[in-house]
>>> print(open('model-v9.txt').read())   # compact mmCIF, N, CA and C atoms
# COMPACT_ATOMS: atom_id res chain seq x y z
N MET A 1 17.80 68.91 32.76
CA MET A 1 17.30 68.79 31.41
C MET A 1 18.38 69.27 30.45
N SER A 2 18.60 68.54 29.37
CA SER A 2 19.64 68.92 28.42
C SER A 2 19.05 69.84 27.35
N ALA A 3 19.90 70.67 26.85
CA ALA A 3 19.47 71.62 25.82
C ALA A 3 19.40 70.91 24.48
N ARG A 4 18.38 71.25 23.71
CA ARG A 4 18.24 70.69 22.36
C ARG A 4 18.21 71.81 21.36
N SER A 5 18.68 71.52 20.15
CA SER A 5 18.67 72.54 19.11
C SER A 5 17.27 72.68 18.54
N LEU A 6 17.03 73.80 17.86
CA LEU A 6 15.74 74.05 17.22
C LEU A 6 15.45 72.98 16.18
N PHE A 7 16.49 72.50 15.46
CA PHE A 7 16.32 71.44 14.47
C PHE A 7 15.81 70.16 15.12
N GLN A 8 16.38 69.82 16.29
CA GLN A 8 15.95 68.61 16.99
C GLN A 8 14.51 68.72 17.47
N ILE A 9 14.14 69.90 17.94
CA ILE A 9 12.77 70.09 18.43
C ILE A 9 11.79 70.05 17.27
N ALA A 10 12.10 70.75 16.17
CA ALA A 10 11.19 70.81 15.02
C ALA A 10 11.12 69.48 14.29
N GLY A 11 12.26 68.83 14.14
CA GLY A 11 12.30 67.57 13.40
C GLY A 11 11.94 66.37 14.25
N GLY A 12 11.91 66.54 15.54
CA GLY A 12 11.58 65.44 16.43
C GLY A 12 12.68 64.40 16.51
N LYS A 13 13.89 64.77 16.14
CA LYS A 13 15.00 63.82 16.16
C LYS A 13 15.96 64.18 17.28
N ALA A 14 16.28 63.21 18.08
CA ALA A 14 17.29 63.40 19.12
C ALA A 14 18.58 62.75 18.64
N LYS A 15 19.68 63.18 19.20
CA LYS A 15 20.96 62.61 18.84
C LYS A 15 21.00 61.15 19.24
N LYS A 16 21.36 60.24 18.32
CA LYS A 16 21.30 58.80 18.58
C LYS A 16 22.38 58.33 19.54
N ALA A 17 23.62 58.63 19.29
CA ALA A 17 24.70 58.15 20.15
C ALA A 17 25.93 59.00 19.94
N HIS A 18 26.83 58.91 20.85
CA HIS A 18 28.08 59.65 20.78
C HIS A 18 29.03 58.97 19.80
N ARG A 19 29.57 59.73 18.88
CA ARG A 19 30.55 59.20 17.94
C ARG A 19 31.92 59.22 18.58
N THR A 20 32.68 58.20 18.39
CA THR A 20 33.99 58.09 19.01
C THR A 20 35.12 58.61 18.13
N GLY A 21 34.84 58.87 16.89
CA GLY A 21 35.88 59.30 15.98
C GLY A 21 36.52 58.14 15.24
N GLN A 22 36.13 56.92 15.56
CA GLN A 22 36.66 55.76 14.85
C GLN A 22 35.99 55.67 13.47
N PRO A 23 36.69 55.09 12.49
CA PRO A 23 36.08 54.95 11.17
C PRO A 23 34.87 54.03 11.23
N VAL A 24 33.83 54.37 10.49
CA VAL A 24 32.60 53.59 10.45
C VAL A 24 32.37 53.14 9.02
N ARG A 25 32.08 51.88 8.85
CA ARG A 25 31.84 51.35 7.51
C ARG A 25 30.44 51.72 7.03
N ARG A 26 30.32 51.90 5.76
CA ARG A 26 29.03 52.23 5.17
C ARG A 26 28.04 51.10 5.42
N SER A 27 26.81 51.42 5.69
CA SER A 27 25.71 50.48 5.92
C SER A 27 25.93 49.61 7.16
N SER A 28 26.76 50.07 8.09
CA SER A 28 26.95 49.30 9.32
C SER A 28 25.90 49.74 10.35
N TYR A 29 25.72 48.91 11.36
CA TYR A 29 24.72 49.17 12.39
C TYR A 29 25.41 49.43 13.71
N ARG A 30 24.73 50.13 14.57
CA ARG A 30 25.26 50.40 15.90
C ARG A 30 25.18 49.14 16.76
N ALA A 31 26.09 49.02 17.71
CA ALA A 31 26.09 47.86 18.61
C ALA A 31 24.78 47.83 19.40
N GLY A 32 24.18 46.65 19.47
CA GLY A 32 22.94 46.50 20.21
C GLY A 32 21.69 46.83 19.42
N GLU A 33 21.86 47.18 18.15
CA GLU A 33 20.72 47.61 17.33
C GLU A 33 19.99 46.44 16.67
N ARG A 34 20.70 45.39 16.30
CA ARG A 34 20.10 44.30 15.52
C ARG A 34 20.08 42.95 16.23
N GLU A 35 20.75 42.84 17.37
CA GLU A 35 20.90 41.53 18.01
C GLU A 35 19.56 40.92 18.41
N GLN A 36 18.61 41.73 18.80
CA GLN A 36 17.35 41.20 19.29
C GLN A 36 16.56 40.46 18.21
N ARG A 37 16.87 40.69 16.96
CA ARG A 37 16.21 39.94 15.88
C ARG A 37 16.58 38.47 15.92
N TYR A 38 17.83 38.19 16.31
CA TYR A 38 18.35 36.84 16.24
C TYR A 38 18.44 36.14 17.58
N LEU A 39 18.60 36.91 18.64
CA LEU A 39 18.76 36.33 19.97
C LEU A 39 17.40 36.20 20.64
N ARG A 40 17.19 35.08 21.27
CA ARG A 40 15.95 34.88 22.02
C ARG A 40 16.26 33.97 23.19
N PRO A 41 15.45 34.04 24.24
CA PRO A 41 15.71 33.17 25.39
C PRO A 41 15.74 31.71 24.98
N PHE A 42 16.54 30.96 25.67
CA PHE A 42 16.78 29.55 25.34
C PHE A 42 16.49 28.74 26.59
N ASN A 43 15.66 27.72 26.49
CA ASN A 43 15.37 26.93 27.69
C ASN A 43 16.09 25.58 27.64
N LYS A 44 16.17 24.95 28.79
CA LYS A 44 16.94 23.70 28.90
C LYS A 44 16.30 22.55 28.13
N ALA A 45 14.98 22.55 28.03
CA ALA A 45 14.32 21.49 27.27
C ALA A 45 14.69 21.56 25.79
N GLU A 46 14.79 22.78 25.26
CA GLU A 46 15.19 22.96 23.87
C GLU A 46 16.64 22.53 23.67
N ARG A 47 17.49 22.84 24.64
CA ARG A 47 18.89 22.44 24.58
C ARG A 47 19.00 20.92 24.53
N ASN A 48 18.26 20.24 25.40
CA ASN A 48 18.31 18.78 25.43
C ASN A 48 17.78 18.17 24.14
N ALA A 49 16.72 18.75 23.59
CA ALA A 49 16.15 18.24 22.34
C ALA A 49 17.15 18.40 21.18
N ARG A 50 17.84 19.53 21.14
CA ARG A 50 18.82 19.74 20.07
C ARG A 50 20.01 18.79 20.20
N MET A 51 20.44 18.54 21.42
CA MET A 51 21.55 17.60 21.63
C MET A 51 21.15 16.19 21.19
N ARG A 52 19.96 15.76 21.59
CA ARG A 52 19.48 14.43 21.19
C ARG A 52 19.37 14.33 19.67
N ALA A 53 18.85 15.39 19.04
CA ALA A 53 18.71 15.37 17.58
C ALA A 53 20.08 15.26 16.90
N ALA A 54 21.08 15.96 17.41
CA ALA A 54 22.42 15.88 16.82
C ALA A 54 23.02 14.50 16.98
N GLU A 55 22.84 13.90 18.16
CA GLU A 55 23.39 12.56 18.39
C GLU A 55 22.70 11.51 17.53
N VAL A 56 21.37 11.63 17.40
CA VAL A 56 20.61 10.69 16.55
C VAL A 56 21.05 10.84 15.10
N TYR A 57 21.19 12.09 14.63
CA TYR A 57 21.63 12.34 13.26
C TYR A 57 23.00 11.73 13.01
N ASP A 58 23.90 11.91 13.96
CA ASP A 58 25.26 11.39 13.80
C ASP A 58 25.26 9.87 13.71
N ARG A 59 24.47 9.21 14.55
CA ARG A 59 24.40 7.74 14.52
C ARG A 59 23.68 7.25 13.27
N LYS A 60 22.61 7.91 12.89
CA LYS A 60 21.79 7.45 11.76
C LYS A 60 22.55 7.53 10.43
N HIS A 61 23.37 8.55 10.26
CA HIS A 61 24.07 8.75 9.00
C HIS A 61 25.51 8.25 9.00
N LYS A 62 25.87 7.49 10.01
CA LYS A 62 27.22 6.91 10.06
C LYS A 62 27.34 5.81 9.02
N ILE A 63 28.40 5.83 8.27
CA ILE A 63 28.64 4.82 7.25
C ILE A 63 29.32 3.63 7.91
N ALA A 64 28.87 2.44 7.57
CA ALA A 64 29.44 1.21 8.16
C ALA A 64 30.93 1.14 7.87
N GLY A 65 31.70 0.81 8.88
CA GLY A 65 33.14 0.69 8.72
C GLY A 65 33.90 1.98 9.01
N ARG A 66 33.20 3.07 9.13
CA ARG A 66 33.85 4.35 9.46
C ARG A 66 33.83 4.55 10.97
N ARG A 67 34.78 5.28 11.46
CA ARG A 67 34.88 5.51 12.91
C ARG A 67 33.78 6.45 13.40
N ASN A 68 33.52 7.53 12.67
CA ASN A 68 32.57 8.56 13.10
C ASN A 68 31.49 8.79 12.06
N GLY A 69 30.42 9.41 12.51
CA GLY A 69 29.36 9.84 11.60
C GLY A 69 29.71 11.19 11.00
N PRO A 70 28.74 11.86 10.38
CA PRO A 70 29.02 13.14 9.73
C PRO A 70 29.47 14.24 10.69
N LEU A 71 29.00 14.23 11.92
CA LEU A 71 29.42 15.24 12.90
C LEU A 71 30.73 14.86 13.58
N GLY A 72 30.92 13.60 13.83
CA GLY A 72 32.13 13.13 14.48
C GLY A 72 32.06 13.31 15.99
N ALA A 73 32.92 12.60 16.69
CA ALA A 73 32.93 12.64 18.15
C ALA A 73 33.30 14.03 18.66
N ILE A 74 34.28 14.66 18.03
CA ILE A 74 34.70 15.99 18.47
C ILE A 74 33.60 17.01 18.18
N GLY A 75 32.94 16.87 17.03
CA GLY A 75 31.85 17.79 16.69
C GLY A 75 30.71 17.72 17.69
N VAL A 76 30.36 16.52 18.13
CA VAL A 76 29.30 16.35 19.13
C VAL A 76 29.76 16.93 20.46
N ASP A 77 31.04 16.72 20.81
CA ASP A 77 31.57 17.31 22.05
C ASP A 77 31.53 18.83 22.01
N VAL A 78 31.88 19.41 20.87
CA VAL A 78 31.85 20.87 20.73
C VAL A 78 30.42 21.38 20.88
N LEU A 79 29.47 20.72 20.24
CA LEU A 79 28.08 21.13 20.36
C LEU A 79 27.60 21.04 21.80
N ARG A 80 27.96 19.97 22.49
CA ARG A 80 27.57 19.80 23.89
C ARG A 80 28.14 20.93 24.76
N GLU A 81 29.39 21.29 24.52
CA GLU A 81 30.00 22.38 25.30
C GLU A 81 29.36 23.72 24.95
N LEU A 82 29.03 23.95 23.70
CA LEU A 82 28.35 25.19 23.33
C LEU A 82 27.00 25.29 24.02
N MET A 83 26.30 24.18 24.10
CA MET A 83 24.99 24.18 24.77
C MET A 83 25.14 24.45 26.27
N ARG A 84 26.29 24.08 26.84
CA ARG A 84 26.52 24.38 28.26
C ARG A 84 26.86 25.85 28.46
N MET A 85 27.45 26.48 27.47
CA MET A 85 27.93 27.86 27.60
C MET A 85 26.87 28.91 27.29
N ILE A 86 25.77 28.52 26.69
CA ILE A 86 24.77 29.50 26.25
C ILE A 86 24.14 30.22 27.44
N ASP A 87 23.84 31.50 27.25
CA ASP A 87 23.15 32.28 28.27
C ASP A 87 21.66 32.08 28.05
N PHE A 88 20.99 31.39 28.97
CA PHE A 88 19.59 31.01 28.77
C PHE A 88 18.65 32.21 28.77
N LYS A 89 18.99 33.28 29.47
CA LYS A 89 18.10 34.44 29.54
C LYS A 89 18.08 35.23 28.24
N THR A 90 19.24 35.41 27.63
CA THR A 90 19.31 36.23 26.42
C THR A 90 19.49 35.43 25.14
N GLY A 91 20.01 34.21 25.24
CA GLY A 91 20.28 33.42 24.06
C GLY A 91 21.64 33.72 23.45
N ARG A 92 22.44 34.53 24.10
CA ARG A 92 23.73 34.95 23.57
C ARG A 92 24.77 33.85 23.76
N LEU A 93 25.57 33.63 22.72
CA LEU A 93 26.63 32.64 22.75
C LEU A 93 27.75 33.12 21.83
N GLU A 94 28.84 33.57 22.42
CA GLU A 94 29.95 34.10 21.63
C GLU A 94 31.29 33.62 22.20
N PRO A 95 31.56 32.30 22.14
CA PRO A 95 32.82 31.82 22.70
C PRO A 95 33.98 31.99 21.71
N ALA A 96 35.17 32.06 22.24
CA ALA A 96 36.37 32.09 21.41
C ALA A 96 36.82 30.65 21.16
N ILE A 97 37.55 30.44 20.09
CA ILE A 97 38.05 29.11 19.78
C ILE A 97 38.98 28.63 20.90
N ALA A 98 39.79 29.55 21.44
CA ALA A 98 40.70 29.18 22.52
C ALA A 98 39.93 28.74 23.77
N THR A 99 38.82 29.38 24.05
CA THR A 99 38.00 29.01 25.21
C THR A 99 37.44 27.61 25.03
N LEU A 100 36.93 27.32 23.84
CA LEU A 100 36.40 25.98 23.57
C LEU A 100 37.50 24.92 23.67
N ALA A 101 38.66 25.21 23.11
CA ALA A 101 39.77 24.25 23.16
C ALA A 101 40.18 23.98 24.59
N GLU A 102 40.21 25.02 25.41
CA GLU A 102 40.59 24.84 26.81
C GLU A 102 39.55 24.04 27.58
N ARG A 103 38.28 24.36 27.38
CA ARG A 103 37.23 23.66 28.13
C ARG A 103 37.06 22.22 27.69
N LEU A 104 37.33 21.94 26.41
CA LEU A 104 37.23 20.57 25.91
C LEU A 104 38.52 19.78 26.10
N ARG A 105 39.58 20.48 26.48
CA ARG A 105 40.91 19.88 26.60
C ARG A 105 41.34 19.25 25.27
N ARG A 106 41.09 19.96 24.23
CA ARG A 106 41.50 19.55 22.88
C ARG A 106 42.34 20.68 22.28
N SER A 107 43.13 20.35 21.31
CA SER A 107 43.94 21.38 20.67
C SER A 107 43.05 22.20 19.74
N ARG A 108 43.53 23.38 19.44
CA ARG A 108 42.81 24.27 18.54
C ARG A 108 42.67 23.62 17.16
N ARG A 109 43.69 22.90 16.75
CA ARG A 109 43.68 22.21 15.46
C ARG A 109 42.59 21.14 15.41
N ASP A 110 42.42 20.39 16.49
CA ASP A 110 41.34 19.39 16.54
C ASP A 110 39.98 20.05 16.37
N ARG A 111 39.81 21.21 17.01
CA ARG A 111 38.54 21.92 16.91
C ARG A 111 38.26 22.30 15.46
N GLN A 112 39.29 22.82 14.79
CA GLN A 112 39.10 23.23 13.41
C GLN A 112 38.89 22.04 12.49
N ARG A 113 39.58 20.94 12.75
CA ARG A 113 39.41 19.73 11.94
C ARG A 113 38.00 19.18 12.11
N ALA A 114 37.45 19.25 13.31
CA ALA A 114 36.11 18.74 13.56
C ALA A 114 35.09 19.50 12.71
N ARG A 115 35.37 20.77 12.47
CA ARG A 115 34.46 21.59 11.69
C ARG A 115 34.55 21.26 10.20
N THR A 116 35.74 20.87 9.72
CA THR A 116 35.92 20.73 8.28
C THR A 116 35.93 19.30 7.77
N SER A 117 36.25 18.33 8.63
CA SER A 117 36.38 16.96 8.13
C SER A 117 35.06 16.23 8.10
N GLU A 118 35.05 15.18 7.37
CA GLU A 118 33.93 14.25 7.23
C GLU A 118 32.75 15.01 6.84
>>> encode(input="model-v9.txt", output="structure tokens")
Amino acid sequence: MSARSLFQIAGGKAKKAHRTGQPVRRSSYRAGEREQRYLRPFNKAERNARMRAAEVYDRKHKIAGRRNGPLGAIGVDVLRELMRMIDFKTGRLEPAIATLAERLRRSRRDRQRARTSE
């Protein structure tokens, strides 16, 4: 059993976490404190529905005479790869741009262009 101070016993507050001595920004949160608000389990049926919706949107809004729709071929490929990389149990998805470029066999510049063009 660890020793607690009289303040901790009277106030009912235990020490939250060990400080590392690194600078902390004002109004910042501890790691693992807020993620559960945004992350939720992800199932394969939802993944397939989102992919179909993106492909339908891209085809539906394509302008005649243009090569790609609003998402573009690279954008759809990036979305497909992101859906493959997601952790279904936790919903966590945090890939690096270099990882996506390597898995898609595209240059980093193509990845960035897909995000900004059209």
>>> atom_distance(input="model-v9.txt", atom1="CA of Tyr38 in chain A", atom2="atom N of Gly91 in chain A")
9.5 Å
>>> residues_around(input="model-v9.txt", residues="Leu82 in chain A", least_positions_apart="3", cutoff="10 Å", atoms="only C-alpha atoms", output="MDAnalysis selection string")
chainID A and resid 47 76:79 85:86 93:95 100
>>> atom_distance(input="model-v9.txt", atom1="atom N of Glu55 in chain A", atom2="atom N of Thr99 in chain A")
23.0 Å
>>> atom_distance(input="model-v9.txt", atom1="atom N of Leu39 in chain A", atom2="CA of Thr90 in chain A")
7.8 Å
>>> residues_around(input="model-v9.txt", residues="Lys89 in chain A", least_positions_apart="5", cutoff="6.5 Å", atoms="all atoms listed in the file", output="PyMOL selection string")
chain A and resi 40-42
